[in-house]
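Worksheet for the structure shown next.
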Amino acid sequence: MPSLPLPKGSFMVILGSTGSIGVNTLEIAKRFSLEVETLCAGKNIALLNQQILEFHPKNIVIANKEDIPRITKNFSGKIYYGTNGILEAISASKSPLVINALVGFLGLKPTLHALKEGKKVALANKESLVVGGEFLDTSNIIPIDSEHFSLAYLMGFNTAICPFKTLYITASGGAFRDTPPEKIPLQNAANALKHPNWKMGRKITIDSATMVNKLFEILEARWLFKSKNIDAYIERNSHIHALIEFWDGSITAHFAMANMQLPIAYALAYALGLCEEFLHPFSRTSIIPKLNLTNQSYTLESICPNRYPLWNLKSQLLENPKLGVILNAANEIAVEAFLEDKIPFGKITQIVQKSLESFRDSAPKSLEEIFITDKEVRRFSQKLL
């Protein structure tokens with residue numbers, strides 16, 4: 001363990017502690033002896049119990065009240081449950097930082113609440129910005145998505161002193177990047193979950209295959225960096241995460257192994273005011289394996305709308321990012337049905353497109369309207385299944 005000066009007191013609240021981002025955050029907390037005040041999990045009580053025994057949180061949050069008896073008897077802290085329980089736990093926690101790694105629309109209210117409580121938010125929940133970006137104080141949001149972290153990294157975490165022309169993020173291409181386009185619409189969930197580069201959560205893996213995940217990230221970048229000049233390429237190695245074109249015509253790129261611990265570590269360092277030395281072990285140890293650039297071949301490929309028809313929505317979403325609530329609600333309904341084998345892969349595109357067509361003139365003008373619109377779009381999308 002490194003011997004570095006650390007702030008006193010509780011450090012962080014982790015929402016989604018049993019998911020990939022949560023597990024990686026806890027790995028960093030363990031490595032650097034950072035205190036975890038609150039853990040929020042869903043239904044994976046077995047893994048949560050392991051985390052309780054190792055990290056000794058003061059508070060935990062679970063999805064269902066009925067699961068309280070399953071919590072290890074060695075936990076003597078406060079147990080919260082349900083959506084309201086997440087908000088209550090955020091308020092009760094003294095930590096200055098909330099890591100929001102929840103999946104889906106569920107993550108919006110915790111982001112809003114954490115910001116209202118004066119906390120910084122290390123954000124992995126894409127939907128918070130996709131749906132409510134207009135109403136979020138992005139100055140207190142630190143992106144954990146590798147693409148947005150890479151963009152911030154290339155700008156020295158200060159867009160004011162590094163004006164740019166165009167931002168580029170990259171995509172892996174998902175499970176069907178080499179499947180003949182005519183065969184894609186009839187694919188099933190088992191095939192769509194076979195990501196070519198790594199194992200991720202089920203929903204994000206499907207969103208990768210449809211390219212909706214990249215539309216989400218385009219919208220995130222739109223709100224974070226206040227620009228409509230954003231595009232994306234496919235980079236099959238998943239080593240180049242972002243590029244920036246500057247007004248002088250030069251372009252810079254961020255290369256790194258696909259390891260979420262790097263952006264998480266930066267988020268923790270900046271949010272907690274840790275010294276720069278906190279990040280040095282990432283170059284001195286094997287936390288992030290070093291790239292060998294001499295044995296790699298790198299190509300940036302345009303995203304083809306014939307293979308990814310939803311990519312045609314990019315310009316419309318950049319011009320009117322408030323449509324993000326419609327995109328997200330329709331996509332969540334469609335992806336859930338697809339994962340349950342109720343619809344074929346191509347039906348996801350149809351449901352999202354028809355929902356955006358039907359609600360294109362109803363972009364919400366307030367937070368209240370966001371939640372109303374979300375419900376209306378979900379009801380509409382359900383009827384299309």
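Within each chain, counting starts at residue 1; across the structure tokens, chains are named A, B, ... in the order shown, with ligands numbered 1 upward in that order.
Look at Ala192 (chain A): the protein and nucleic acid residues within 7 Å of it, using only C-alpha atoms and passing over chain neighbours fewer than 4 places away, are A:Ala175, A:Asn188, A:Ile206, A:Ala209.
Taking only region 283-325 of chain A, the residues that DSSP calls alpha helix (DSSP H) from the backbone come to Ser283, Arg284, Lys314, Ser315, Gln316, Leu317, Leu318, Glu319, Gly324 and Val325 of chain A.
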Sorted per-residue table, region 90-169 of chain A near region 9-30 of chain A, closest atoms and distance, 6 Å, only C-alpha atoms, as CSV:
```
residue,atom,partner,partner_atom,distance
A:Ser95,CA,A:Phe11,CA,4.9
A:Leu97,CA,A:Met12,CA,4.9
A:Val98,CA,A:Val13,CA,4.7
A:Ile99,CA,A:Ile14,CA,4.8
A:Asn100,CA,A:Leu15,CA,5.0
A:Ala101,CA,A:Gly16,CA,5.0
A:Leu102,CA,A:Gly16,CA,4.9
```
- Item | Among listed residues A:Glu37, A:Leu274, A:Ala189, A:Trp198, nearest Ala334 (chain A) (using only C-alpha atoms) | A:Ala189
- Query: Near Tyr266 (chain A), counting only C-alpha atoms, which residues have an atom at most 12 Å away, once you skip same-chain residues fewer than 5 positions from it, shown as a count of residues only?
  - Reply: 27
Distance table requested - region 216-292 of chain A against region 306-325 of chain A, cut-off 12 Å, only C-alpha atoms: one row per qualifying residue with the closest atom pair and its distance in Å to one decimal, ordered by chain and rising residue number, as CSV.
```
residue,atom,partner,partner_atom,distance
A:Phe216,CA,A:Gly324,CA,7.8
A:Glu217,CA,A:Lys314,CA,10.6
A:Ile218,CA,A:Leu318,CA,7.7
A:Leu219,CA,A:Pro321,CA,6.5
A:Glu220,CA,A:Pro321,CA,9.4
A:Ala221,CA,A:Leu318,CA,9.8
A:Arg222,CA,A:Leu318,CA,7.0
A:Trp223,CA,A:Pro321,CA,8.5
A:Lys226,CA,A:Leu318,CA,10.7
A:Ser227,CA,A:Leu318,CA,8.7
A:Lys228,CA,A:Leu318,CA,5.7
A:Asn229,CA,A:Leu318,CA,8.4
A:Ile230,CA,A:Leu318,CA,8.2
A:Asp231,CA,A:Lys314,CA,8.5
A:Ala232,CA,A:Lys314,CA,9.9
A:Tyr233,CA,A:Trp311,CA,11.4
A:Ile234,CA,A:Tyr308,CA,11.7
```
